[in-house]
file final-v4.tsv (TSV, C-alpha atoms and all ligand atoms)
chain	number	residue	atom	x	y	z
A	1	MET	CA	9.92	-14.85	-31.98
A	2	THR	CA	6.51	-16.03	-30.87
A	3	THR	CA	3.58	-13.87	-31.82
A	4	THR	CA	0.47	-14.10	-29.72
A	5	ASN	CA	-2.88	-12.46	-29.17
A	6	PHE	CA	-2.50	-13.21	-25.50
A	7	SER	CA	-2.04	-10.26	-23.16
A	8	ILE	CA	-1.81	-10.11	-19.40
A	9	ASP	CA	-0.72	-7.03	-17.48
A	10	LEU	CA	1.29	-7.91	-14.37
A	11	ARG	CA	3.04	-4.55	-14.06
A	12	SER	CA	1.00	-3.21	-11.15
A	13	ASP	CA	-2.35	-3.46	-9.38
A	14	THR	CA	-2.92	0.19	-10.32
A	15	VAL	CA	-3.72	-0.71	-13.96
A	16	THR	CA	-7.27	-1.89	-13.16
A	17	GLN	CA	-10.26	-0.27	-14.87
A	18	PRO	CA	-13.36	0.60	-12.84
A	19	THR	CA	-15.94	-2.18	-13.33
A	20	ASP	CA	-19.40	-1.51	-14.79
A	21	ALA	CA	-20.97	-1.86	-11.33
A	22	MET	CA	-18.44	0.59	-9.90
A	23	ARG	CA	-19.11	3.09	-12.71
A	24	ASP	CA	-22.81	2.68	-11.99
A	25	ALA	CA	-22.23	3.57	-8.33
A	26	MET	CA	-20.20	6.61	-9.45
A	27	LEU	CA	-22.99	7.70	-11.79
A	28	LYS	CA	-25.53	7.60	-8.97
A	29	ALA	CA	-23.33	9.43	-6.46
A	30	GLN	CA	-24.84	12.21	-4.37
A	31	THR	CA	-22.43	15.14	-4.25
A	32	GLY	CA	-21.67	18.32	-2.34
A	33	ASP	CA	-18.69	20.60	-1.75
A	34	ASP	CA	-16.21	18.50	0.18
A	35	VAL	CA	-14.04	21.46	1.18
A	36	PHE	CA	-17.13	22.47	3.19
A	37	GLN	CA	-17.40	18.80	4.29
A	38	GLU	CA	-20.79	18.62	2.58
A	39	ASP	CA	-20.25	15.72	0.21
A	40	PRO	CA	-22.34	12.79	1.49
A	41	GLU	CA	-20.38	10.07	-0.37
A	42	VAL	CA	-17.03	11.43	0.84
A	43	ASN	CA	-18.34	11.63	4.41
A	44	GLU	CA	-19.65	8.06	4.22
A	45	LEU	CA	-16.40	6.73	2.76
A	46	GLN	CA	-14.32	8.45	5.47
A	47	GLU	CA	-16.58	7.10	8.23
A	48	LYS	CA	-16.57	3.60	6.77
A	49	CYS	CA	-12.77	3.46	6.68
A	50	ALA	CA	-12.37	4.94	10.15
A	51	GLU	CA	-14.99	2.62	11.63
A	52	MET	CA	-13.40	-0.48	10.08
A	53	PHE	CA	-10.18	0.10	12.03
A	54	GLY	CA	-11.74	1.59	15.15
A	55	MET	CA	-10.53	5.13	14.39
A	56	GLU	CA	-12.54	8.32	15.04
A	57	ALA	CA	-12.29	10.04	11.68
A	58	GLY	CA	-11.07	9.87	8.08
A	59	LEU	CA	-9.90	12.16	5.29
A	60	PHE	CA	-10.30	11.42	1.58
A	61	CYS	CA	-7.32	12.45	-0.56
A	62	PRO	CA	-6.31	12.12	-4.21
A	63	SER	CA	-3.36	9.77	-3.60
A	64	GLY	CA	-1.52	7.60	-1.12
A	65	THR	CA	1.50	9.82	-1.43
A	66	MET	CA	-0.63	12.70	-0.19
A	67	THR	CA	-2.13	10.75	2.73
A	68	ASN	CA	1.33	9.59	3.82
A	69	GLN	CA	2.90	13.03	3.47
A	70	ILE	CA	0.03	14.74	5.29
A	71	ALA	CA	0.42	12.26	8.15
A	72	ILE	CA	4.18	12.80	8.33
A	73	SER	CA	3.77	16.59	8.26
A	74	VAL	CA	1.16	16.49	11.03
A	75	HIS	CA	3.11	14.08	13.27
A	76	THR	CA	6.45	15.92	13.00
A	77	SER	CA	7.97	19.38	13.39
A	78	LYS	CA	10.69	20.80	11.13
A	79	GLY	CA	14.04	19.17	11.78
A	80	ASP	CA	12.56	16.05	13.40
A	81	GLU	CA	13.66	12.56	12.45
A	82	VAL	CA	11.38	9.82	11.14
A	83	ILE	CA	12.17	6.14	11.64
A	84	CYS	CA	11.27	4.08	8.56
A	85	ASP	CA	12.63	1.09	6.70
A	86	LYS	CA	15.16	1.49	3.85
A	87	LEU	CA	12.58	-0.12	1.52
A	88	SER	CA	9.70	2.13	2.60
A	89	HIS	CA	7.55	3.92	0.03
A	90	VAL	CA	7.52	7.11	2.12
A	91	TYR	CA	11.30	7.29	1.74
A	92	ASN	CA	11.90	5.84	-1.75
A	93	TYR	CA	8.92	6.77	-3.88
A	94	GLU	CA	7.43	10.03	-2.66
A	95	GLY	CA	9.80	12.48	-4.33
A	96	GLY	CA	11.74	13.22	-1.17
A	97	GLY	CA	8.53	14.53	0.39
A	98	ILE	CA	9.68	13.90	3.97
A	99	ALA	CA	12.49	16.42	3.46
A	100	ARG	CA	10.66	18.77	1.11
A	101	LEU	CA	7.26	18.96	2.75
A	102	ALA	CA	7.70	18.01	6.40
A	103	GLY	CA	11.29	19.32	6.60
A	104	ALA	CA	12.20	16.16	8.48
A	105	SER	CA	15.07	13.71	8.08
A	106	VAL	CA	14.94	9.93	8.19
A	107	LYS	CA	16.71	7.14	10.03
A	108	LEU	CA	16.52	4.05	7.84
A	109	MET	CA	15.99	0.61	9.32
A	110	ASN	CA	17.68	-2.42	7.78
A	111	GLY	CA	14.63	-4.65	8.18
A	112	ASP	CA	13.62	-8.02	6.76
A	113	ARG	CA	11.74	-7.10	3.56
A	114	GLY	CA	10.60	-3.88	5.21
A	115	ARG	CA	9.86	-5.31	8.65
A	116	PHE	CA	11.97	-4.14	11.58
A	117	THR	CA	11.84	-4.89	15.31
A	118	SER	CA	11.24	-2.94	18.51
A	119	ASP	CA	14.96	-3.34	19.31
A	120	ASP	CA	15.77	-1.65	15.98
A	121	VAL	CA	13.46	1.20	16.97
A	122	LEU	CA	14.98	1.52	20.44
A	123	GLU	CA	18.44	1.74	18.94
A	124	ALA	CA	17.32	4.29	16.32
A	125	ILE	CA	15.75	6.80	18.69
A	126	ASN	CA	18.09	9.74	19.19
A	127	PRO	CA	19.16	10.73	22.71
A	128	ASP	CA	17.49	13.76	24.26
A	129	ASP	CA	20.47	15.98	23.50
A	130	SER	CA	20.58	19.13	21.36
A	131	HIS	CA	23.20	17.63	19.04
A	132	TYR	CA	20.58	15.29	17.64
A	133	ALA	CA	17.41	15.61	15.63
A	134	ASN	CA	14.29	14.96	17.68
A	135	THR	CA	12.89	11.52	16.80
A	136	SER	CA	9.12	11.86	16.68
A	137	LEU	CA	7.61	9.29	14.33
A	138	VAL	CA	7.86	5.64	13.27
A	139	CYS	CA	6.42	4.62	9.87
A	140	LEU	CA	5.51	1.02	9.08
A	141	GLU	CA	4.33	-0.37	5.73
A	142	ASP	CA	1.99	-3.40	5.60
A	143	THR	CA	2.23	-4.98	3.08
A	144	CYS	CA	5.70	-3.73	2.18
A	145	ASN	CA	5.70	-2.99	-1.56
A	146	LYS	CA	9.48	-3.03	-2.21
A	147	GLY	CA	9.68	-5.98	0.19
A	148	GLY	CA	7.63	-7.96	-2.37
A	149	GLY	CA	4.26	-7.70	-0.61
A	150	ALA	CA	5.64	-8.89	2.73
A	151	VAL	CA	3.15	-9.02	5.62
A	152	TRP	CA	4.16	-7.94	9.12
A	153	ASP	CA	3.83	-10.37	12.01
A	154	LEU	CA	1.08	-9.06	14.31
A	155	ALA	CA	3.08	-9.56	17.49
A	156	GLN	CA	5.98	-7.67	15.93
A	157	ILE	CA	3.70	-4.74	15.06
A	158	LYS	CA	2.43	-4.65	18.63
A	159	SER	CA	5.91	-4.67	20.06
A	160	VAL	CA	7.17	-1.94	17.69
A	161	SER	CA	4.10	0.17	18.40
A	162	SER	CA	4.20	-0.16	22.17
A	163	THR	CA	7.93	0.57	22.25
A	164	ALA	CA	7.48	3.65	20.06
A	165	ARG	CA	4.59	4.93	22.17
A	166	GLN	CA	6.44	4.37	25.42
A	167	LYS	CA	9.14	6.61	24.00
A	168	GLY	CA	6.58	9.26	23.06
A	169	LEU	CA	6.71	8.66	19.31
A	170	ALA	CA	3.72	8.61	16.98
A	171	VAL	CA	3.18	5.53	14.81
A	172	HIS	CA	1.97	5.84	11.20
A	173	LEU	CA	1.06	2.93	8.93
A	174	ASP	CA	1.37	3.12	5.16
A	175	GLY	CA	-1.41	0.65	4.46
A	176	ALA	CA	-1.55	1.12	0.68
A	177	ARG	CA	-2.14	-2.65	0.45
A	178	LEU	CA	-3.40	-3.23	3.97
A	179	TRP	CA	-6.45	-5.22	2.81
A	180	ASN	CA	-4.17	-7.66	0.98
A	181	ALA	CA	-2.34	-8.16	4.27
A	182	LEU	CA	-5.56	-8.61	6.24
A	183	VAL	CA	-6.98	-11.29	3.96
A	184	ALA	CA	-3.58	-13.03	3.93
A	185	ARG	CA	-3.83	-13.20	7.74
A	186	GLY	CA	-7.42	-14.47	7.46
A	187	LEU	CA	-8.56	-11.38	9.33
A	188	GLN	CA	-12.15	-10.21	8.70
A	189	THR	CA	-12.83	-6.51	8.30
A	190	ASN	CA	-15.05	-4.72	10.81
A	191	THR	CA	-14.22	-7.25	13.51
A	192	LYS	CA	-12.70	-6.64	16.89
A	193	ALA	CA	-9.44	-8.06	15.52
A	194	CYS	CA	-9.47	-5.42	12.79
A	195	LYS	CA	-10.03	-2.61	15.28
A	196	ASP	CA	-7.36	-4.10	17.54
A	197	TYR	CA	-5.00	-3.92	14.57
A	198	GLY	CA	-5.97	-0.28	13.98
A	199	SER	CA	-5.35	0.56	17.64
A	200	GLN	CA	-1.61	-0.04	17.12
A	201	PHE	CA	-1.38	3.10	15.00
A	202	ASP	CA	-1.97	6.83	15.39
A	203	SER	CA	-2.76	7.11	11.69
A	204	ILE	CA	-3.25	4.77	8.75
A	205	SER	CA	-3.11	5.55	5.04
A	206	LEU	CA	-5.31	3.29	2.88
A	207	CYS	CA	-5.19	3.15	-0.94
A	208	LEU	CA	-8.39	2.54	-2.89
A	209	SER	CA	-6.61	2.54	-6.25
A	210	LYS	CA	-4.50	-0.59	-5.71
A	211	GLY	CA	-6.11	-3.93	-4.89
A	212	LEU	CA	-9.56	-2.42	-4.46
A	213	GLY	CA	-9.64	-1.38	-8.11
A	214	CYS	CA	-10.79	2.26	-7.78
A	215	PRO	CA	-9.75	4.82	-10.38
A	216	VAL	CA	-8.38	7.21	-7.74
A	217	GLY	CA	-8.23	7.91	-4.04
A	218	SER	CA	-6.74	7.20	-0.63
A	219	VAL	CA	-8.13	7.66	2.85
A	220	LEU	CA	-6.18	8.77	5.92
A	221	ILE	CA	-7.68	7.71	9.27
A	222	GLY	CA	-6.88	8.65	12.86
A	223	SER	CA	-8.24	10.55	15.87
A	224	LYS	CA	-10.59	13.54	15.41
A	225	GLU	CA	-7.82	15.87	16.52
A	226	PHE	CA	-5.32	14.36	14.08
A	227	ILE	CA	-7.77	14.45	11.15
A	228	SER	CA	-8.66	18.07	11.84
A	229	LYS	CA	-4.97	18.99	11.51
A	230	ALA	CA	-4.71	16.73	8.45
A	231	HIS	CA	-7.66	18.56	6.88
A	232	ARG	CA	-5.77	21.85	7.08
A	233	GLN	CA	-2.61	20.19	5.73
A	234	ARG	CA	-4.55	18.69	2.81
A	235	LYS	CA	-5.66	22.20	1.80
A	236	VAL	CA	-2.06	23.43	1.96
A	237	PHE	CA	-0.93	20.54	-0.28
A	238	GLY	CA	-3.65	21.44	-2.79
A	239	GLY	CA	-5.65	18.30	-2.11
A	240	GLY	CA	-8.98	19.89	-1.19
A	241	MET	CA	-11.56	18.53	-3.63
A	242	ARG	CA	-15.09	19.74	-4.33
A	243	GLN	CA	-17.80	17.34	-5.63
A	244	ALA	CA	-15.53	14.40	-4.91
A	245	GLY	CA	-18.52	12.13	-4.26
A	246	VAL	CA	-18.23	10.79	-7.81
A	247	ILE	CA	-14.89	9.19	-6.94
A	248	ALA	CA	-15.70	8.47	-3.29
A	249	ALA	CA	-18.69	6.39	-4.48
A	250	ALA	CA	-16.22	4.08	-6.23
A	251	GLY	CA	-14.43	3.67	-2.90
A	252	ILE	CA	-17.61	2.80	-1.03
A	253	TYR	CA	-18.51	0.27	-3.73
A	254	ALA	CA	-15.04	-1.27	-3.51
A	255	LEU	CA	-15.11	-1.56	0.29
A	256	ASP	CA	-18.39	-3.46	0.01
A	257	ASN	CA	-17.46	-5.66	-2.93
A	258	HIS	CA	-13.72	-5.93	-3.54
A	259	ILE	CA	-12.12	-6.85	-0.22
A	260	ASP	CA	-13.00	-10.53	0.14
A	261	ARG	CA	-11.90	-11.30	-3.41
A	262	LEU	CA	-8.31	-10.24	-2.63
A	263	VAL	CA	-7.67	-13.88	-1.60
A	264	GLU	CA	-7.85	-14.60	-5.35
A	265	ASP	CA	-5.09	-12.09	-6.11
A	266	ASN	CA	-2.91	-13.61	-3.39
A	267	LYS	CA	-3.60	-17.14	-4.75
A	268	ASN	CA	-2.95	-16.12	-8.36
A	269	ALA	CA	0.40	-14.61	-7.34
A	270	LYS	CA	1.47	-17.98	-5.89
A	271	ALA	CA	0.41	-19.82	-9.06
A	272	LEU	CA	2.36	-17.42	-11.30
A	273	GLY	CA	5.45	-17.59	-9.09
A	274	GLU	CA	5.45	-21.41	-9.12
A	275	ALA	CA	4.98	-21.47	-12.88
A	276	ALA	CA	7.78	-18.96	-13.49
A	277	LEU	CA	10.21	-21.27	-11.66
A	278	SER	CA	10.14	-23.59	-14.69
A	279	TYR	CA	11.23	-20.79	-17.00
A	280	PRO	CA	14.92	-21.02	-17.99
A	281	GLY	CA	17.00	-18.54	-16.01
A	282	VAL	CA	14.53	-18.11	-13.15
A	283	LYS	CA	16.19	-19.35	-9.98
A	284	SER	CA	13.74	-18.67	-7.13
A	285	PHE	CA	11.16	-16.30	-5.71
A	286	SER	CA	10.89	-14.45	-2.42
A	287	SER	CA	8.14	-16.09	-0.35
A	288	ILE	CA	4.83	-14.98	-1.83
A	289	GLU	CA	2.67	-13.62	0.97
A	290	THR	CA	0.21	-11.44	-0.96
A	291	ASN	CA	-0.25	-10.20	-4.54
A	292	ILE	CA	3.36	-9.32	-5.37
A	293	VAL	CA	5.89	-11.83	-6.73
A	294	ILE	CA	9.62	-11.13	-6.81
A	295	LEU	CA	11.46	-13.56	-9.10
A	296	HIS	CA	15.23	-13.95	-8.72
A	297	LEU	CA	17.24	-14.84	-11.81
A	298	GLU	CA	20.27	-17.11	-12.28
A	299	LYS	CA	23.65	-15.41	-12.22
A	300	GLY	CA	24.33	-13.56	-15.48
A	301	VAL	CA	20.68	-13.53	-16.60
A	302	ASP	CA	19.53	-9.97	-17.33
A	303	SER	CA	16.04	-9.11	-16.12
A	304	ALA	CA	15.48	-6.71	-19.03
A	305	VAL	CA	16.11	-9.54	-21.53
A	306	VAL	CA	13.67	-11.90	-19.77
A	307	VAL	CA	11.04	-9.15	-19.46
A	308	ALA	CA	11.36	-8.47	-23.22
A	309	LYS	CA	10.94	-12.20	-24.02
A	310	TRP	CA	7.87	-12.37	-21.81
A	311	ALA	CA	6.45	-9.27	-23.51
A	312	ASP	CA	6.66	-11.23	-26.79
A	313	LEU	CA	4.59	-13.96	-25.14
A	314	GLY	CA	2.04	-11.34	-24.07
A	315	ILE	CA	3.09	-11.13	-20.43
A	316	GLN	CA	3.77	-7.56	-19.32
A	317	CYS	CA	5.84	-6.98	-16.19
A	318	PHE	CA	8.67	-4.82	-14.86
A	319	PRO	CA	12.27	-5.64	-14.00
A	320	PHE	CA	12.64	-5.19	-10.24
A	321	SER	CA	16.45	-4.99	-10.37
A	322	LYS	CA	19.15	-6.13	-12.82
A	323	SER	CA	18.60	-9.69	-11.60
A	324	SER	CA	14.99	-9.78	-10.44
A	325	ILE	CA	11.50	-9.30	-11.91
A	326	ARG	CA	8.21	-8.31	-10.33
A	327	PHE	CA	4.66	-9.53	-11.00
A	328	VAL	CA	1.63	-7.92	-9.38
A	329	THR	CA	-1.81	-9.58	-9.56
A	330	HIS	CA	-5.09	-7.67	-9.49
A	331	LEU	CA	-8.83	-7.48	-10.06
A	332	ASP	CA	-8.72	-7.31	-13.86
A	333	LEU	CA	-7.05	-10.70	-14.36
A	334	THR	CA	-9.36	-13.55	-15.35
A	335	GLN	CA	-8.74	-17.13	-14.27
A	336	ALA	CA	-8.25	-17.96	-17.97
A	337	GLN	CA	-5.48	-15.34	-18.25
A	338	ILE	CA	-3.77	-16.68	-15.13
A	339	SER	CA	-3.86	-20.28	-16.45
A	340	GLN	CA	-2.63	-19.21	-19.87
A	341	ALA	CA	0.19	-17.12	-18.39
A	342	CYS	CA	1.20	-20.08	-16.18
A	343	ASN	CA	1.24	-22.37	-19.23
A	344	LEU	CA	3.34	-19.94	-21.24
A	345	LEU	CA	5.84	-19.54	-18.39
A	346	CYS	CA	6.07	-23.34	-18.10
A	347	GLY	CA	6.78	-23.49	-21.83
A	348	LYS	CA	3.48	-25.23	-22.65
A	401	LIG	C1	1.08	2.99	-4.21
A	401	LIG	C2	1.64	3.19	-2.87
A	401	LIG	C3	1.48	4.39	-2.18
A	401	LIG	C4	0.75	5.60	-2.74
A	401	LIG	O1	0.92	5.81	-4.07
A	401	LIG	P1	0.06	6.87	-4.90
A	401	LIG	O2	0.40	6.48	-6.28
A	401	LIG	O3	0.52	8.20	-4.51
A	401	LIG	O4	-1.40	6.67	-4.57
A	401	LIG	C5	1.98	4.49	-0.91
A	401	LIG	N1	2.60	3.46	-0.34
A	401	LIG	C6	2.76	2.28	-0.95
A	401	LIG	C7	3.42	1.16	-0.23
A	401	LIG	C8	2.30	2.09	-2.24
A	401	LIG	O5	2.46	0.93	-2.85

call {"tool": "encode", "arguments": {"input": "final-v4.tsv", "output": "structure tokens"}}
result
Amino acid sequence: MTTTNFSIDLRSDTVTQPTDAMRDAMLKAQTGDDVFQEDPEVNELQEKCAEMFGMEAGLFCPSGTMTNQIAISVHTSKGDEVICDKLSHVYNYEGGGIARLAGASVKLMNGDRGRFTSDDVLEAINPDDSHYANTSLVCLEDTCNKGGGAVWDLAQIKSVSSTARQKGLAVHLDGARLWNALVARGLQTNTKACKDYGSQFDSISLCLSKGLGCPVGSVLIGSKEFISKAHRQRKVFGGGMRQAGVIAAAGIYALDNHIDRLVEDNKNAKALGEAALSYPGVKSFSSIETNIVILHLEKGVDSAVVVAKWADLGIQCFPFSKSSIRFVTHLDLTQAQISQACNLLCGK
């Protein structure tokens, strides 16, 4: 067994620590009671996010699960059906919230790494007949987490969205890692292209605690009318916060300083994936579009065994399935750590 002082954490992009500059911004935050909508940092953060995607308003929440579940509850009535992919976070990783909180059911799409087509949507919409649940919402996820950070094709988003809207459905985007997707497309924030992207959706959930490196927080954006309903729903879910400016300030700092650098995370993911290919038992990877790498192992190779061997080398990561492993790159990885991890995976 190799012993090493080396340590690199590739388990998730949620493991990042707030930087000194971010903590400084948090320390200087102006605060007020956000339930009364009087917290200046929260108000600024909400406006900044809404403005970036051409939406009217925003709502700061403790987590991405809450922003997604609020959106689903607002867009649906009890007994409705939600169209989402079988890999979607809203379905797989939110504790059954669609059923428990919104009282809705799902129709699961069999997409390509989380990405489905307008034809899939057309086929999934229930007929207007009392035997069926009323289909009222389509949820997309860009990037798709369980799809290995897959980025949607813009034209495909537009076609799904216009089809859904023609049929009277609302369209929600789980954009937990939306900024990773935008930089992967070479799309600048606050541009017309960014607002055009936003216009495809009735609501977008954005996570500050993933690639942007904040300690906590997500923002839900949409129309004024939607956000006013979401505000009430947030209170019901217990998500009303008071002097939340201390955490919102971290979000504002991250929007100003941590978006452009996401290209590094995407690049580092490619380097790690390529390097891992030389490791015995690693067969291939799913195409690396953003900061998530899914490695596929040779037949008979157990992911848990490989993950344990890598832990001995100082590389922390999670098995993704019995025969696959996931890496996620993030803000806290230095170039030296990436090079060293690549060398170790190559057996150097
Ligand atoms: C992380 C994540 C969320 C939200 O997770 P929280 O831990 O509740 O903030 C939602 N969707 C996707 C795709 C995610 O990766």

call {"tool": "closest_atom_pairs", "arguments": {"input": "final-v4.tsv", "of": "chain A", "to": "ligand LIG 401 (chain A)", "cutoff": "9 Å", "atoms": "all atoms listed in the file", "output": "JSON lines"}}
result
{"residue": "A:Asp13", "atom": "CA", "partner": "A:LIG401", "partner_atom": "C1", "distance": 8.9}
{"residue": "A:Thr14", "atom": "CA", "partner": "A:LIG401", "partner_atom": "C1", "distance": 7.8}
{"residue": "A:Pro62", "atom": "CA", "partner": "A:LIG401", "partner_atom": "O4", "distance": 7.3}
{"residue": "A:Ser63", "atom": "CA", "partner": "A:LIG401", "partner_atom": "O4", "distance": 3.8}
{"residue": "A:Gly64", "atom": "CA", "partner": "A:LIG401", "partner_atom": "C4", "distance": 3.4}
{"residue": "A:Thr65", "atom": "CA", "partner": "A:LIG401", "partner_atom": "O3", "distance": 3.6}
{"residue": "A:Met66", "atom": "CA", "partner": "A:LIG401", "partner_atom": "O3", "distance": 6.3}
{"residue": "A:Thr67", "atom": "CA", "partner": "A:LIG401", "partner_atom": "C4", "distance": 8.0}
{"residue": "A:Asn68", "atom": "CA", "partner": "A:LIG401", "partner_atom": "C5", "distance": 7.0}
{"residue": "A:Ser88", "atom": "CA", "partner": "A:LIG401", "partner_atom": "C7", "distance": 7.0}
{"residue": "A:His89", "atom": "CA", "partner": "A:LIG401", "partner_atom": "C7", "distance": 5.0}
{"residue": "A:Val90", "atom": "CA", "partner": "A:LIG401", "partner_atom": "N1", "distance": 6.6}
{"residue": "A:Tyr93", "atom": "CA", "partner": "A:LIG401", "partner_atom": "C5", "distance": 7.9}
{"residue": "A:Glu94", "atom": "CA", "partner": "A:LIG401", "partner_atom": "O3", "distance": 7.4}
{"residue": "A:Glu141", "atom": "CA", "partner": "A:LIG401", "partner_atom": "C7", "distance": 6.2}
{"residue": "A:Asp142", "atom": "CA", "partner": "A:LIG401", "partner_atom": "C7", "distance": 7.5}
{"residue": "A:Thr143", "atom": "CA", "partner": "A:LIG401", "partner_atom": "C7", "distance": 7.1}
{"residue": "A:Cys144", "atom": "CA", "partner": "A:LIG401", "partner_atom": "C7", "distance": 5.9}
{"residue": "A:Asn145", "atom": "CA", "partner": "A:LIG401", "partner_atom": "C7", "distance": 4.9}
{"residue": "A:Lys146", "atom": "CA", "partner": "A:LIG401", "partner_atom": "C7", "distance": 7.6}
{"residue": "A:Gly149", "atom": "CA", "partner": "A:LIG401", "partner_atom": "C7", "distance": 8.9}
{"residue": "A:Asp174", "atom": "CA", "partner": "A:LIG401", "partner_atom": "N1", "distance": 5.6}
{"residue": "A:Gly175", "atom": "CA", "partner": "A:LIG401", "partner_atom": "C7", "distance": 6.8}
{"residue": "A:Ala176", "atom": "CA", "partner": "A:LIG401", "partner_atom": "C6", "distance": 4.8}
{"residue": "A:Arg177", "atom": "CA", "partner": "A:LIG401", "partner_atom": "O5", "distance": 6.7}
{"residue": "A:Ser205", "atom": "CA", "partner": "A:LIG401", "partner_atom": "C5", "distance": 7.9}
{"residue": "A:Leu206", "atom": "CA", "partner": "A:LIG401", "partner_atom": "C5", "distance": 8.3}
{"residue": "A:Cys207", "atom": "CA", "partner": "A:LIG401", "partner_atom": "O4", "distance": 6.3}
{"residue": "A:Leu208", "atom": "CA", "partner": "A:LIG401", "partner_atom": "O4", "distance": 8.3}
{"residue": "A:Ser209", "atom": "CA", "partner": "A:LIG401", "partner_atom": "O4", "distance": 6.9}
{"residue": "A:Lys210", "atom": "CA", "partner": "A:LIG401", "partner_atom": "C1", "distance": 6.8}
{"residue": "A:Val216", "atom": "CA", "partner": "A:LIG401", "partner_atom": "O4", "distance": 7.7}
{"residue": "A:Gly217", "atom": "CA", "partner": "A:LIG401", "partner_atom": "O4", "distance": 7.0}
{"residue": "A:Ser218", "atom": "CA", "partner": "A:LIG401", "partner_atom": "O4", "distance": 6.7}

call {"tool": "residues_around", "arguments": {"input": "final-v4.tsv", "residues": "Cys346 of chain A", "least_positions_apart": "6", "cutoff": "8 Å", "atoms": "only C-alpha atoms", "output": "list of chain:residue names"}}
result
A:Ala275, A:Ala276, A:Leu277, A:Ser278, A:Tyr279

call {"tool": "closest_residue", "arguments": {"input": "final-v4.tsv", "among": "A:Leu182, A:Asn5, A:Gly58, A:Asp39", "to": "Lys229 of chain A", "atoms": "only C-alpha atoms"}}
result
A:Gly58

call {"tool": "axis_aligned_box", "arguments": {"input": "final-v4.tsv", "around": "segment 32-46 of chain A", "padding_each_side": "3 Å", "output": "JSON"}}
result
{"center_x": -18.2, "center_y": 14.6, "center_z": 1.6, "size_x": 14.3, "size_y": 21.7, "size_z": 13.8}

call {"tool": "residues_near_point", "arguments": {"input": "final-v4.tsv", "point": "(7.5, -23.7, -4.0)", "cutoff": "9 Å", "atoms": "all atoms listed in the file", "output": "ChimeraX atom specification"}}
result
/A:270,273-274,277,284-285,287

call {"tool": "atom_distance", "arguments": {"input": "final-v4.tsv", "atom1": "atom CA of Met52 of chain A", "atom2": "atom CA of Asp85 of chain A"}}
result
26.3 Å

call {"tool": "atom_distance", "arguments": {"input": "final-v4.tsv", "atom1": "atom CA of Tyr91 of chain A", "atom2": "atom CA of Gly147 of chain A"}}
result
13.5 Å

call {"tool": "atom_distance", "arguments": {"input": "final-v4.tsv", "atom1": "atom CA of Ala308 of chain A", "atom2": "atom CA of Ser323 of chain A"}}
result
13.7 Å

call {"tool": "closest_residue", "arguments": {"input": "final-v4.tsv", "among": "A:Ala50, A:Cys214, A:Ile288, A:Leu331", "to": "Pro18 of chain A", "atoms": "all atoms listed in the file"}}
result
A:Cys214
